[in-house]
>>> print(open('work11.pdb').read())   # PDB, C-alpha atoms and all ligand atoms
ATOM      1  CA  MET Y   6     -14.929 -34.915 -64.264  1.00  0.00           C
ATOM      2  CA  THR Y   7     -12.010 -36.867 -65.659  1.00  0.00           C
ATOM      3  CA  GLU Y   8     -12.254 -39.140 -68.697  1.00  0.00           C
ATOM      4  CA  LEU Y   9     -11.548 -42.123 -66.435  1.00  0.00           C
ATOM      5  CA  VAL Y  10     -14.448 -41.294 -64.092  1.00  0.00           C
ATOM      6  CA  ARG Y  11     -16.752 -40.634 -67.041  1.00  0.00           C
ATOM      7  CA  ARG Y  12     -15.949 -44.077 -68.503  1.00  0.00           C
ATOM      8  CA  ALA Y  13     -16.408 -45.733 -65.116  1.00  0.00           C
ATOM      9  CA  LEU Y  14     -19.851 -44.149 -64.755  1.00  0.00           C
ATOM     10  CA  LEU Y  15     -20.832 -45.455 -68.181  1.00  0.00           C
ATOM     11  CA  GLY Y  16     -20.251 -48.995 -66.941  1.00  0.00           C
ATOM     12  CA  ASP Y  17     -16.687 -49.579 -68.219  1.00  0.00           C
ATOM     13  CA  ARG Y  18     -15.472 -52.343 -65.860  1.00  0.00           C
ATOM     14  CA  GLN Y  19     -11.784 -51.640 -66.571  1.00  0.00           C
ATOM     15  CA  ALA Y  20     -12.166 -47.942 -65.733  1.00  0.00           C
ATOM     16  CA  GLN Y  21     -14.041 -48.851 -62.535  1.00  0.00           C
ATOM     17  CA  GLU Y  22     -11.167 -51.097 -61.429  1.00  0.00           C
ATOM     18  CA  GLU Y  23      -8.648 -48.372 -62.264  1.00  0.00           C
ATOM     19  CA  CYS Y  24     -10.593 -45.881 -60.113  1.00  0.00           C
ATOM     20  CA  THR Y  25     -10.552 -48.354 -57.219  1.00  0.00           C
ATOM     21  CA  GLU Y  26      -6.783 -48.869 -57.571  1.00  0.00           C
ATOM     22  CA  LYS Y  27      -6.231 -45.096 -57.532  1.00  0.00           C
ATOM     23  CA  GLY Y  28      -8.534 -44.648 -54.542  1.00  0.00           C
ATOM     24  CA  ILE Y  29     -11.068 -42.604 -56.532  1.00  0.00           C
ATOM     25  CA  VAL Y  30     -14.554 -42.798 -55.024  1.00  0.00           C
ATOM     26  CA  LEU Y  31     -17.180 -42.550 -57.776  1.00  0.00           C
ATOM     27  CA  PRO Y  32     -20.262 -40.366 -57.176  1.00  0.00           C
ATOM     28  CA  CYS Y  33     -23.355 -41.989 -55.638  1.00  0.00           C
ATOM     29  CA  PRO Y  34     -25.267 -44.127 -58.183  1.00  0.00           C
ATOM     30  CA  CYS Y  35     -28.603 -42.965 -56.703  1.00  0.00           C
ATOM     31  CA  CYS Y  36     -28.242 -39.211 -56.288  1.00  0.00           C
ATOM     32  CA  GLY Y  37     -24.881 -38.360 -57.883  1.00  0.00           C
ATOM     33  CA  SER Y  38     -23.452 -36.758 -54.718  1.00  0.00           C
ATOM     34  CA  ASP Y  39     -19.952 -37.249 -53.320  1.00  0.00           C
ATOM     35  CA  ALA Y  40     -19.274 -40.358 -51.276  1.00  0.00           C
ATOM     36  CA  GLU Y  41     -16.508 -41.245 -48.820  1.00  0.00           C
ATOM     37  CA  ILE Y  42     -14.858 -44.270 -47.255  1.00  0.00           C
ATOM     38  CA  VAL Y  43     -15.927 -44.511 -43.610  1.00  0.00           C
ATOM     39  CA  THR Y  44     -15.186 -46.818 -40.682  1.00  0.00           C
ATOM     40  CA  GLU Y  45     -18.111 -48.274 -38.781  1.00  0.00           C
ATOM     41  CA  LEU Y  46     -18.155 -50.233 -35.570  1.00  0.00           C
ATOM     42  CA  GLU Y  47     -20.663 -53.023 -36.079  1.00  0.00           C
ATOM     43  CA  PHE Y  48     -21.790 -56.222 -34.478  1.00  0.00           C
ATOM     44  CA  VAL Y  49     -21.643 -59.030 -36.993  1.00  0.00           C
ATOM     45  CA  LEU Y  50     -22.428 -62.581 -35.902  1.00  0.00           C
ATOM     46  CA  GLY Y  51     -22.170 -61.575 -32.230  1.00  0.00           C
ATOM     47  CA  GLU Y  52     -18.746 -60.038 -32.674  1.00  0.00           C
ATOM     48  CA  ALA Y  53     -17.880 -56.353 -32.513  1.00  0.00           C
ATOM     49  CA  GLY Y  54     -15.492 -55.127 -35.143  1.00  0.00           C
ATOM     50  CA  CYS Y  55     -14.420 -52.240 -37.305  1.00  0.00           C
ATOM     51  CA  PHE Y  56     -15.598 -52.388 -40.861  1.00  0.00           C
ATOM     52  CA  ARG Y  57     -14.989 -50.190 -43.860  1.00  0.00           C
ATOM     53  CA  THR Y  58     -17.757 -49.073 -46.150  1.00  0.00           C
ATOM     54  CA  VAL Y  59     -18.407 -46.349 -48.702  1.00  0.00           C
ATOM     55  CA  LYS Y  60     -21.275 -44.045 -47.880  1.00  0.00           C
ATOM     56  CA  CYS Y  61     -22.984 -41.283 -49.847  1.00  0.00           C
ATOM     57  CA  LYS Y  62     -22.673 -37.933 -48.049  1.00  0.00           C
ATOM     58  CA  SER Y  63     -26.142 -36.896 -49.178  1.00  0.00           C
ATOM     59  CA  CYS Y  64     -28.553 -39.865 -49.274  1.00  0.00           C
ATOM     60  CA  PHE Y  65     -26.452 -42.249 -47.087  1.00  0.00           C
ATOM     61  CA  LEU Y  66     -26.589 -45.105 -49.550  1.00  0.00           C
ATOM     62  CA  GLU Y  67     -23.989 -47.648 -48.390  1.00  0.00           C
ATOM     63  CA  ALA Y  68     -21.808 -50.211 -50.122  1.00  0.00           C
ATOM     64  CA  GLY Y  69     -21.914 -52.864 -47.380  1.00  0.00           C
ATOM     65  CA  LEU Y  70     -19.371 -53.799 -44.699  1.00  0.00           C
ATOM     66  CA  TYR Y  71     -15.860 -54.912 -45.584  1.00  0.00           C
ATOM     67  CA  ARG Y  72     -12.622 -55.604 -43.724  1.00  0.00           C
ATOM     68  CA  LYS Y  73     -10.477 -53.771 -46.257  1.00  0.00           C
ATOM     69  CA  ASP Y  74     -10.745 -50.306 -47.828  1.00  0.00           C
ATOM     70  CA  ASN Y  75     -10.289 -51.639 -51.321  1.00  0.00           C
ATOM     71  CA  ASP Y  76     -13.034 -54.258 -51.007  1.00  0.00           C
ATOM     72  CA  ALA Y  77     -15.539 -51.595 -49.964  1.00  0.00           C
ATOM     73  CA  LEU Y  78     -14.380 -49.214 -52.686  1.00  0.00           C
ATOM     74  CA  ASN Y  79     -14.463 -51.965 -55.297  1.00  0.00           C
ATOM     75  CA  LYS Y  80     -18.064 -52.799 -54.384  1.00  0.00           C
ATOM     76  CA  TRP Y  81     -19.057 -49.134 -54.506  1.00  0.00           C
ATOM     77  CA  ASN Y  82     -17.277 -48.364 -57.784  1.00  0.00           C
ATOM     78  CA  THR Y  83     -18.631 -51.407 -59.623  1.00  0.00           C
ATOM     79  CA  ARG Y  84     -21.897 -50.631 -61.349  1.00  0.00           C
ATOM     80  CA  PRO Y  85     -23.711 -51.860 -64.436  1.00  0.00           C
ATOM     81  CA  ALA Y  86     -23.849 -49.920 -67.678  1.00  0.00           C
ATOM     82  CA  PRO Y  87     -27.040 -47.902 -68.151  1.00  0.00           C
ATOM     83  CA  PRO Y  88     -29.305 -49.137 -70.954  1.00  0.00           C
ATOM     84  CA  ILE Y  89     -28.171 -46.796 -73.714  1.00  0.00           C
ATOM     85  CA  GLY Y  90     -28.837 -47.666 -77.301  1.00  0.00           C
ATOM     86  CA  ARG Y  91     -29.188 -46.271 -80.788  1.00  0.00           C
ATOM     87  CA  CYS Y  92     -32.533 -44.771 -81.794  1.00  0.00           C
ATOM     88  CA  GLY Y  93     -32.510 -46.878 -84.966  1.00  0.00           C
ATOM     89  CA  GLU Y  94     -32.650 -49.995 -82.759  1.00  0.00           C
ATOM     90  CA  CYS Y  95     -35.286 -48.617 -80.361  1.00  0.00           C
ATOM     91  CA  LYS Y  96     -38.808 -49.958 -80.365  1.00  0.00           C
ATOM     92  CA  TYR Y  97     -40.175 -46.394 -80.539  1.00  0.00           C
ATOM     93  CA  TYR Y  98     -38.217 -45.603 -83.685  1.00  0.00           C
ATOM     94  CA  LYS Y  99     -40.521 -44.914 -86.589  1.00  0.00           C
ATOM     95  CA  PRO Y 100     -38.515 -44.142 -89.724  1.00  0.00           C
ATOM     96  CA  GLU Y 101     -41.646 -43.080 -91.646  1.00  0.00           C
ATOM     97  CA  GLN Y 102     -42.219 -40.081 -89.337  1.00  0.00           C
ATOM     98  CA  LYS Y 103     -41.054 -36.811 -90.870  1.00  0.00           C
ATOM     99  CA  SER Y 104     -40.392 -34.518 -87.895  1.00  0.00           C
ATOM    100  CA  GLY Y 105     -38.620 -36.969 -85.631  1.00  0.00           C
ATOM    101  CA  ALA Y 106     -37.957 -40.649 -85.635  1.00  0.00           C
ATOM    102  CA  CYS Y 107     -39.358 -41.458 -82.186  1.00  0.00           C
ATOM    103  CA  LEU Y 108     -43.043 -41.614 -81.517  1.00  0.00           C
ATOM    104  CA  PRO Y 109     -43.307 -38.851 -78.866  1.00  0.00           C
ATOM    105  CA  ALA Y 110     -46.437 -40.259 -77.238  1.00  0.00           C
ATOM    106  CA  GLU Y 111     -44.670 -43.518 -76.438  1.00  0.00           C
ATOM    107  CA  CYS Y 112     -41.034 -42.514 -76.045  1.00  0.00           C
ATOM    108  CA  ASP Y 113     -40.184 -41.144 -72.570  1.00  0.00           C
ATOM    109  CA  SER Y 114     -37.315 -39.077 -73.919  1.00  0.00           C
ATOM    110  CA  PRO Y 115     -37.841 -35.315 -73.580  1.00  0.00           C
ATOM    111  CA  HIS Y 116     -35.661 -34.919 -76.678  1.00  0.00           C
ATOM    112  CA  SER Y 117     -38.019 -36.742 -78.993  1.00  0.00           C
ATOM    113  CA  THR Y 118     -40.410 -33.818 -79.334  1.00  0.00           C
ATOM    114  CA  LEU Y 119     -37.634 -31.206 -79.543  1.00  0.00           C
ATOM    115  CA  PHE Y 120     -35.125 -32.609 -81.989  1.00  0.00           C
ATOM    116  CA  PRO Y 121     -35.414 -34.805 -85.019  1.00  0.00           C
ATOM    117  CA  VAL Y 122     -33.867 -38.131 -84.077  1.00  0.00           C
ATOM    118  CA  LYS Y 123     -31.486 -39.923 -86.385  1.00  0.00           C
ATOM    119  CA  PRO Y 124     -31.040 -43.712 -86.433  1.00  0.00           C
ATOM    120  CA  ASP Y 125     -27.471 -43.395 -85.100  1.00  0.00           C
ATOM    121  CA  THR Y 126     -28.344 -41.036 -82.213  1.00  0.00           C
ATOM    122  CA  PHE Y 127     -27.504 -42.521 -78.816  1.00  0.00           C
ATOM    123  CA  CYS Y 128     -30.394 -42.235 -76.381  1.00  0.00           C
ATOM    124  CA  SER Y 129     -30.521 -43.057 -72.668  1.00  0.00           C
ATOM    125  CA  TYR Y 130     -34.279 -43.639 -72.974  1.00  0.00           C
ATOM    126  CA  PHE Y 131     -33.545 -46.490 -75.342  1.00  0.00           C
ATOM    127  CA  LYS Y 132     -35.911 -49.440 -75.153  1.00  0.00           C
ATOM    128  CA  PRO Y 133     -34.903 -52.568 -77.055  1.00  0.00           C
ATOM    129  CA  ARG Y 134     -37.397 -53.931 -79.556  1.00  0.00           C
ATOM    130  CA  GLU Y 135     -39.225 -56.991 -78.387  1.00  0.00           C
ATOM    131  CA  GLU Y 136     -38.338 -60.187 -80.227  1.00  0.00           C
ATOM    132  CA  LYS Y 137     -41.131 -61.446 -82.396  1.00  0.00           C
TER     133      LYS Y 137
HETATM  134 ZN    ZN Y 201     -26.631 -40.650 -52.763  1.00  0.00          ZN
END
>>> encode(input="work11.pdb", output="structure tokens")
Amino acid sequence: MTELVRRALLGDRQAQEECTEKGIVLPCPCCGSDAEIVTELEFVLGEAGCFRTVKCKSCFLEAGLYRKDNDALNKWNTRPAPPIGRCGECKYYKPEQKSGACLPAECDSPHSTLFPVKPDTFCSYFKPREEK
């Protein structure tokens, strides 16, 4: 995986646009499999026409119907950043715990029971603290 694709998958909007310009199809956001640009003949508003879409080769998730390749690819490649945060800012972070910082019973992360967690560790199981 290239650095550009990695950044695009992490939600970097600029990297996503660059992938679209270069014709790179990002992996499926649902299952991670390869996807491809396909042409579909569809009836839309009583009219038959050829549309372009991006479809996952494995789970058949689809980007929607577009007239142009780039519009379909742009829709497919654009995705939000996953909720990743620092353990020190997570609501499960308990600095008083000796073995690890997360509270394993509450934190969904499989890492919390295996490794001691530091406040500056990035975790994809991050849950923001609720405002009081
Ligand atoms: Zn898929």
>>> atom_distance(input="work11.pdb", atom1="atom CA of Y:Met6", atom2="atom ZN of ligand ZN 201 (chain Y)")
17.4 Å
>>> residues_near_ligand(input="work11.pdb", ligand="ligand ZN 201 (chain Y)", cutoff="9 Å", atoms="only C-alpha atoms and all ligand atoms", output="list in words")
Pro32, Cys33, Pro34, Cys35, Cys36, Gly37, Ser38, Asp39, Ala40, Lys60, Cys61, Lys62, Ser63, Cys64, Phe65, Leu66 and Glu67 of chain Y
>>> resolve_selection(input="work11.pdb", expression="the PyMOL selection byres (((chain Y and resi 68-73) around 8) and not hetatm)", output="PyMOL selection string")
chain Y and resi 55-60+66-67+74-78+80-81
>>> resolve_selection(input="work11.pdb", expression="the PyMOL selection byres (((chain Y and resi 84) around 9) and not hetatm)", output="tab-separated table (two decimals) with C-alpha atoms, in the frame of the given file")
chain	number	residue	atom	x	y	z
Y	13	ALA	CA	-16.41	-45.73	-65.12
Y	14	LEU	CA	-19.85	-44.15	-64.76
Y	15	LEU	CA	-20.83	-45.46	-68.18
Y	16	GLY	CA	-20.25	-49.00	-66.94
Y	17	ASP	CA	-16.69	-49.58	-68.22
Y	18	ARG	CA	-15.47	-52.34	-65.86
Y	21	GLN	CA	-14.04	-48.85	-62.54
Y	34	PRO	CA	-25.27	-44.13	-58.18
Y	80	LYS	CA	-18.06	-52.80	-54.38
Y	81	TRP	CA	-19.06	-49.13	-54.51
Y	82	ASN	CA	-17.28	-48.36	-57.78
Y	83	THR	CA	-18.63	-51.41	-59.62
Y	85	PRO	CA	-23.71	-51.86	-64.44
Y	86	ALA	CA	-23.85	-49.92	-67.68
Y	87	PRO	CA	-27.04	-47.90	-68.15
>>> axis_aligned_box(input="work11.pdb", around="stretch 80-95 of chain Y", padding_each_side="3 Å", output="AutoDock Vina command-line options")
--center_x -26.3 --center_y -48.8 --center_z -69.7 --size_x 24.0 --size_y 14.0 --size_z 36.6
>>> closest_residue(input="work11.pdb", among="Y:Glu52, Y:Glu41, Y:Glu135, Y:Glu8", to="Y:Cys95", atoms="only C-alpha atoms")
Y:Glu135
>>> resolve_selection(input="work11.pdb", expression="the PyMOL selection byres (((chain Y and resi 89) around 7) and not hetatm)", output="list in words")
Pro87, Pro88, Gly90, Phe127, Cys128, Ser129, Tyr130 and Phe131 of chain Y
>>> atom_distance(input="work11.pdb", atom1="atom CA of Y:Glu23", atom2="atom CA of Y:Glu45")
25.3 Å
>>> atom_distance(input="work11.pdb", atom1="atom CA of Y:Asp125", atom2="atom CA of Y:Glu94")
8.7 Å
>>> residues_near_point(input="work11.pdb", point="(-8.6, -41.9, -63.1)", cutoff="8 Å", atoms="only C-alpha atoms", output="ChimeraX atom specification")
/Y:7-10,20,23-24,27,29
